[in-house]
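Colleague: My structure is stored as protein-v9.txt, with compact mmCIF, C-alpha atoms.
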```txt
# COMPACT_ATOMS: atom_id res chain seq x y z
CA MET A 6 -12.90 -19.51 -8.42
CA LYS A 7 -16.62 -18.71 -8.31
CA PHE A 8 -18.06 -16.78 -5.42
CA SER A 9 -21.30 -15.04 -4.51
CA ARG A 10 -22.02 -11.45 -5.39
CA LYS A 11 -21.71 -10.38 -1.77
CA VAL A 12 -19.04 -10.79 0.89
CA LEU A 13 -19.66 -10.46 4.60
CA GLY A 14 -17.38 -7.71 5.88
CA VAL A 15 -16.50 -7.80 9.58
CA ASP A 16 -14.66 -5.33 11.80
CA ILE A 17 -13.39 -6.62 15.14
CA GLY A 18 -12.34 -3.87 17.51
CA GLY A 19 -11.27 -3.70 21.12
CA SER A 20 -14.84 -3.08 22.31
CA HIS A 21 -17.15 -4.27 19.53
CA ILE A 22 -17.84 -6.41 16.48
CA THR A 23 -19.58 -4.97 13.42
CA ALA A 24 -20.63 -7.00 10.40
CA GLY A 25 -22.56 -6.36 7.20
CA TRP A 26 -22.95 -7.49 3.61
CA VAL A 27 -20.75 -5.71 1.07
CA GLU A 28 -21.86 -5.65 -2.57
CA LEU A 29 -18.94 -6.69 -4.75
CA GLU A 30 -19.62 -4.66 -7.86
CA ARG A 31 -19.86 -1.34 -6.05
CA LEU A 32 -18.05 -2.22 -2.81
CA ARG A 33 -21.02 -0.74 -0.98
CA LEU A 34 -22.06 -1.76 2.51
CA VAL A 35 -25.75 -2.69 2.63
CA PRO A 36 -26.97 -0.48 5.51
CA ALA A 37 -29.96 -2.61 6.47
CA SER A 38 -27.71 -5.63 6.96
CA VAL A 39 -25.33 -4.11 9.50
CA VAL A 40 -25.19 -5.70 12.95
CA ARG A 41 -23.08 -4.27 15.77
CA ARG A 42 -22.71 -5.36 19.36
CA PRO A 43 -20.32 -4.67 22.23
CA VAL A 44 -17.70 -7.25 23.14
CA ASP A 45 -15.58 -7.46 26.27
CA SER A 46 -12.14 -8.02 24.76
CA TYR A 47 -10.80 -8.80 28.25
CA GLY A 48 -13.34 -11.58 28.72
CA THR A 49 -12.72 -15.31 28.56
CA LYS A 50 -12.13 -17.18 25.33
CA ASP A 51 -15.67 -18.56 25.36
CA GLN A 52 -17.23 -15.16 26.11
CA ILE A 53 -15.43 -13.49 23.21
CA LEU A 54 -16.10 -16.25 20.69
CA SER A 55 -19.75 -16.51 21.74
CA ALA A 56 -20.25 -12.78 21.16
CA TRP A 57 -18.65 -12.97 17.73
CA LEU A 58 -20.60 -16.08 16.75
CA GLU A 59 -23.88 -14.55 17.88
CA VAL A 60 -23.40 -11.71 15.37
CA LEU A 61 -22.04 -13.85 12.52
CA SER A 62 -24.72 -16.52 12.95
CA SER A 63 -27.43 -13.91 12.38
CA PHE A 64 -26.41 -13.75 8.70
CA HIS A 65 -27.39 -17.38 7.99
CA LEU A 66 -24.22 -18.05 6.00
CA ALA A 67 -24.12 -20.74 3.34
CA HIS A 68 -21.32 -22.85 1.86
CA GLU A 69 -20.71 -20.37 -1.00
CA ASP A 70 -20.44 -17.30 1.26
CA GLN A 71 -17.13 -15.67 2.10
CA ILE A 72 -16.20 -13.64 5.18
CA GLY A 73 -13.53 -10.92 5.30
CA ILE A 74 -12.54 -9.97 8.85
CA ALA A 75 -10.54 -6.88 9.80
CA MET A 76 -8.58 -7.85 12.92
CA PRO A 77 -6.06 -5.95 15.06
CA ALA A 78 -2.42 -7.04 15.17
CA PRO A 79 -0.50 -9.03 16.19
CA PHE A 80 -2.29 -11.85 14.40
CA ASP A 81 -1.31 -14.61 11.99
CA TYR A 82 -3.65 -13.51 9.23
CA GLY A 83 -2.97 -16.43 6.90
CA GLU A 84 -3.53 -19.16 9.47
CA GLY A 85 -6.08 -17.28 11.55
CA VAL A 86 -4.19 -17.61 14.84
CA ALA A 87 -4.49 -14.91 17.53
CA LEU A 88 -1.20 -13.53 18.82
CA LEU A 89 -2.46 -10.62 20.93
CA LYS A 90 -1.13 -10.90 24.45
CA GLU A 91 0.85 -7.96 25.78
CA GLN A 92 -1.85 -5.49 24.64
CA GLY A 93 -4.31 -6.97 27.15
CA LYS A 94 -7.29 -7.18 24.81
CA PHE A 95 -8.10 -10.65 23.49
CA ARG A 96 -5.26 -12.11 25.57
CA HIS A 97 -7.39 -15.18 26.37
CA LEU A 98 -7.43 -16.03 22.67
CA TYR A 99 -3.63 -16.16 22.50
CA ALA A 100 -2.41 -19.03 20.27
CA CYS A 101 -6.00 -20.06 19.43
CA ASN A 102 -6.84 -20.81 15.82
CA VAL A 103 -9.73 -18.36 15.57
CA LYS A 104 -10.41 -19.27 11.94
CA ASN A 105 -11.06 -22.92 12.79
CA LEU A 106 -13.11 -22.07 15.88
CA LEU A 107 -15.35 -19.66 13.95
CA ALA A 108 -15.73 -22.10 11.06
CA GLN A 109 -16.76 -24.86 13.47
CA GLY A 110 -19.23 -22.59 15.26
CA LEU A 111 -20.78 -21.42 11.97
CA GLY A 112 -20.78 -24.79 10.23
CA LEU A 113 -18.52 -23.45 7.46
CA GLN A 114 -15.19 -24.44 5.97
CA PRO A 115 -12.12 -22.56 7.27
CA ALA A 116 -11.35 -21.59 3.66
CA GLN A 117 -14.46 -19.38 3.68
CA ILE A 118 -13.00 -17.14 6.40
CA HIS A 119 -10.23 -14.62 5.66
CA PHE A 120 -8.44 -12.33 8.14
CA PHE A 121 -6.78 -9.01 7.31
CA ASN A 122 -5.07 -6.31 9.33
CA ASP A 123 -7.59 -3.73 10.57
CA ALA A 124 -5.53 -0.62 9.76
CA ALA A 125 -4.73 -1.92 6.28
CA SER A 126 -8.41 -2.76 5.75
CA PHE A 127 -9.36 0.79 6.80
CA LEU A 128 -6.91 2.31 4.32
CA GLN A 129 -7.93 -0.06 1.52
CA GLY A 130 -11.60 0.76 2.00
CA GLU A 131 -11.06 4.52 2.14
CA ALA A 132 -8.69 4.56 -0.84
CA LEU A 133 -11.18 2.66 -2.97
CA TYR A 134 -14.14 4.76 -1.86
CA GLN A 135 -12.32 8.08 -2.28
CA ARG A 136 -10.84 6.87 -5.57
CA ILE A 137 -7.28 7.78 -4.62
CA PRO A 138 -5.10 6.75 -7.59
CA THR A 139 -2.70 3.88 -6.97
CA ILE A 140 0.20 5.99 -8.25
CA HIS A 141 0.20 7.87 -4.95
CA ARG A 142 2.31 6.75 -2.02
CA LEU A 143 -0.42 6.58 0.55
CA MET A 144 -0.41 6.34 4.33
CA GLY A 145 -3.36 5.63 6.62
CA ILE A 146 -3.60 6.52 10.31
CA THR A 147 -6.36 5.58 12.74
CA LEU A 148 -6.39 7.61 15.94
CA GLY A 149 -8.25 6.22 18.92
CA THR A 150 -7.48 4.06 21.95
CA GLY A 151 -4.43 2.94 20.00
CA LEU A 152 -2.55 4.09 16.91
CA GLY A 153 -3.27 2.15 13.73
CA SER A 154 -1.18 2.67 10.61
CA ALA A 155 -0.89 1.34 7.08
CA PHE A 156 0.81 2.04 3.76
CA ARG A 157 -0.45 1.57 0.22
CA PHE A 158 2.23 1.64 -2.46
CA GLY A 159 0.29 0.30 -5.42
CA ASP A 160 -2.93 -1.73 -5.33
CA GLN A 161 -2.81 -3.26 -1.88
CA ALA A 162 -2.64 -1.68 1.59
CA MET A 163 -0.41 -3.27 4.24
CA ASP A 164 0.06 -2.88 7.96
CA ALA A 165 2.75 -0.35 8.87
CA ALA A 166 2.84 -1.24 12.61
CA LEU A 167 4.03 2.23 13.62
CA TRP A 168 2.32 2.26 17.03
CA SER A 169 5.51 1.13 18.77
CA SER A 170 7.87 3.35 16.80
CA PRO A 171 10.29 5.31 19.01
CA PHE A 172 9.09 8.88 19.40
CA ARG A 173 10.35 11.39 21.95
CA GLY A 174 11.82 8.69 24.12
CA ARG A 175 8.67 6.55 24.19
CA GLN A 176 6.48 4.58 21.83
CA ALA A 177 4.48 6.72 19.40
CA GLU A 178 1.15 5.50 20.79
CA TYR A 179 1.97 7.16 24.12
CA TYR A 180 1.51 10.59 22.50
CA LEU A 181 -1.06 9.76 19.82
CA GLY A 182 -3.89 7.90 21.53
CA THR A 183 -6.76 8.56 23.90
CA GLU A 184 -4.55 7.92 26.93
CA TRP A 185 -2.55 11.04 26.08
CA PHE A 186 -5.69 13.18 26.52
CA ILE A 187 -6.49 11.44 29.80
CA ARG A 188 -3.02 12.26 31.13
CA TYR A 189 -3.27 15.84 29.82
CA ALA A 190 -6.60 16.38 31.61
CA SER A 191 -5.19 15.01 34.86
CA GLU A 192 -1.98 17.03 34.76
CA THR A 193 -3.47 20.30 33.48
CA CYS A 194 -6.76 20.71 35.33
CA GLY A 195 -7.00 17.78 37.74
CA ARG A 196 -9.76 16.02 35.85
CA GLU A 197 -9.19 12.31 36.33
CA GLY A 198 -10.05 9.55 33.89
CA ILE A 199 -11.74 11.62 31.18
CA GLY A 200 -11.06 11.47 27.46
CA PRO A 201 -11.21 14.21 24.83
CA LYS A 202 -14.99 14.19 24.40
CA GLU A 203 -15.62 14.64 28.12
CA LEU A 204 -12.83 17.20 28.38
CA LEU A 205 -14.44 19.32 25.65
CA ALA A 206 -17.72 19.30 27.56
CA LEU A 207 -16.23 20.05 30.99
CA GLU A 208 -13.14 22.15 30.21
CA PRO A 209 -13.47 23.43 26.62
CA ASP A 210 -10.50 25.82 26.77
CA VAL A 211 -8.22 23.13 28.17
CA ALA A 212 -9.49 20.66 25.58
CA LYS A 213 -8.79 23.01 22.69
CA GLN A 214 -5.23 23.51 23.89
CA ALA A 215 -4.85 19.76 24.24
CA PHE A 216 -5.98 19.21 20.65
CA LYS A 217 -3.57 21.87 19.40
CA GLU A 218 -0.67 20.17 21.12
CA PHE A 219 -1.92 16.82 19.86
CA GLY A 220 -1.90 18.20 16.31
CA ARG A 221 1.70 19.31 16.65
CA ASN A 222 2.66 15.92 18.11
CA LEU A 223 0.98 14.13 15.22
CA ALA A 224 2.68 16.32 12.61
CA ASP A 225 6.07 15.87 14.23
CA PHE A 226 5.61 12.11 14.22
CA LEU A 227 4.38 12.02 10.63
CA ALA A 228 7.12 14.29 9.28
CA GLY A 229 9.87 11.70 9.56
CA ILE A 230 7.75 8.96 8.01
CA ILE A 231 6.67 11.22 5.14
CA GLN A 232 10.32 11.85 4.34
CA MET A 233 11.48 8.26 4.77
CA GLU A 234 8.66 6.63 2.80
CA ARG A 235 8.12 9.50 0.33
CA ILE A 236 4.45 9.76 1.32
CA ASP A 237 2.40 12.22 -0.71
CA GLN A 238 -1.12 11.55 0.64
CA ILE A 239 -2.46 10.61 4.08
CA VAL A 240 -5.87 9.33 5.17
CA ILE A 241 -6.79 9.91 8.82
CA GLY A 242 -9.59 8.09 10.65
CA GLY A 243 -10.53 6.80 14.10
CA ASN A 244 -12.57 8.40 16.88
CA LEU A 245 -10.01 11.12 17.58
CA ALA A 246 -10.28 12.25 13.96
CA LYS A 247 -13.75 13.54 14.88
CA GLY A 248 -11.90 16.35 16.66
CA ARG A 249 -10.12 17.42 13.46
CA ASP A 250 -11.56 20.94 13.68
CA TYR A 251 -9.42 21.40 16.78
CA PHE A 252 -6.12 19.90 15.57
CA TYR A 253 -6.03 20.03 11.75
CA SER A 254 -4.74 23.60 11.48
CA GLU A 255 -1.93 23.05 13.99
CA MET A 256 -0.98 19.78 12.32
CA MET A 257 -0.77 21.31 8.85
CA GLN A 258 1.16 24.35 10.09
CA GLU A 259 3.74 22.10 11.72
CA LEU A 260 4.05 19.92 8.60
CA GLU A 261 4.55 23.06 6.52
CA ARG A 262 7.14 24.35 8.98
CA GLN A 263 9.05 21.09 8.51
CA HIS A 264 8.61 21.32 4.70
CA ARG A 265 6.51 18.16 4.50
CA LEU A 266 3.85 18.98 1.95
CA VAL A 267 1.20 16.27 1.69
CA THR A 268 -2.49 16.03 0.85
CA VAL A 269 -4.53 15.01 3.89
CA HIS A 270 -7.87 13.22 3.57
CA PHE A 271 -10.15 12.39 6.46
CA SER A 272 -12.23 9.25 6.60
CA GLN A 273 -15.48 9.42 4.66
CA LEU A 274 -16.65 5.92 5.55
CA GLY A 275 -16.05 5.96 9.29
CA GLU A 276 -16.37 2.46 10.77
CA ASP A 277 -17.57 1.12 7.41
CA ALA A 278 -14.09 1.51 5.91
CA ALA A 279 -12.60 -1.60 7.53
CA LEU A 280 -15.59 -3.76 6.53
CA ILE A 281 -15.41 -2.62 2.92
CA GLY A 282 -11.63 -2.96 2.87
CA ALA A 283 -11.72 -6.50 4.28
CA ALA A 284 -14.40 -7.48 1.75
CA SER A 285 -12.36 -6.06 -1.13
CA ASN A 286 -9.36 -8.07 0.06
CA CYS A 287 -11.55 -11.19 -0.11
CA ILE A 288 -12.32 -10.39 -3.73
CA ARG A 289 -8.62 -10.12 -4.49
CA LEU A 290 -7.85 -13.46 -2.86
CA LEU A 291 -10.72 -15.27 -4.53
CA SER A 292 -9.77 -13.86 -7.92
CA GLU A 293 -6.18 -15.08 -7.77
```
Take the structure in the file and give it back as structure tokens.
Modeller:
Amino acid sequence: MKFSRKVLGVDIGGSHITAGWVELERLRLVPASVVRRPVDSYGTKDQILSAWLEVLSSFHLAHEDQIGIAMPAPFDYGEGVALLKEQGKFRHLYACNVKNLLAQGLGLQPAQIHFFNDAASFLQGEALYQRIPTIHRLMGITLGTGLGSAFRFGDQAMDAALWSSPFRGRQAEYYLGTEWFIRYASETCGREGIGPKELLALEPDVAKQAFKEFGRNLADFLAGIIQMERIDQIVIGGNLAKGRDYFYSEMMQELERQHRLVTVHFSQLGEDAALIGAASNCIRLLSE
């Protein structure tokens, strides 16, 4: 199948949409093309779709263009149907065929639009950019409002859906997301409703202790998966990864204590990873 030399990569998050052209040969995001805008994921169906279409329409897409969209789970990626409901975000899109609605709004064919898991797109983009050999059993983790996870055992990354894994009597996300820091701040120093960035500014000593405990929590969670899946390399991204100077040492010490020796990479692409990963997945589909 013939396709243009560029693919539009799109990252849909809980609070934003980002889109930009990705050059196929080099899998490089064209910086000048990037458009980002906030989106209220708790808004109505029309509000959400209008925000997405406003960004996508700015690229003046033609019939030969392809779009690769990194989208959070649960989602029927093949059919393009939204299944998010219990998570709160995008609940008003539940059971909607987003692929058909976007195609109609853009004047394109549904076959030009391809959806992929956001965590898997992140890992695919980072693995390609960092040139991590496919012989490695690779795991990706995105740390932020939620816990994203993916595996790559070969050429293609796939969603690992570990956010709801049982961990210390709760779901893993309870200990490994922004909400954990908010609870820590409230319980430790009475600061209500503040995340890690605000905690570092207001209570730096408390924040540093929080990150150390977070690092141990993360290592303890990862240790079992490393053993079970025989993981030898991990890529970590997401907003909380920006605090790696405060949790990396504790995390690695705990992994060593549990005899789980892995190579840890941190994201080099940041938010660009999911766009590049989704675009690369388009290339794979179109080449089949």
Colleague: By how many Å are CA of Val240 (chain A) and CA of Leu143 (chain A) apart?
Modeller: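 One can read the CA of Val240 (chain A) to CA of Leu143 (chain A) distance as 7.7 Å.
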Colleague: Can you tell me, as number ranges by chain, what residues are no more than 6 Å from Gly243 (chain A) when counting only C-alpha atoms, ignoring any on the same chain fewer than 3 positions away?
Modeller: A: 147-149, 246
Colleague: For Leu106 (chain A), which residue out of A:Arg136, A:His270, A:Arg173, A:Lys50 is the nearest one, using all atoms listed in the file?
Modeller: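 Of A:Arg136, A:His270, A:Arg173, A:Lys50, the one nearest Leu106 (chain A) is A:Lys50, counting all atoms listed in the file.
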Colleague: Give me, please, the distance in Å between CA of Asp123 (chain A) and CA of Met163 (chain A), quoted to one decimal.
Modeller: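 These two atoms are separated by 9.6 Å.
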Colleague: Mind giving me the straight-line distance from CA of Lys90 (chain A) to CA of Val103 (chain A) in Å, one decimal?
Modeller: 14.4 Å
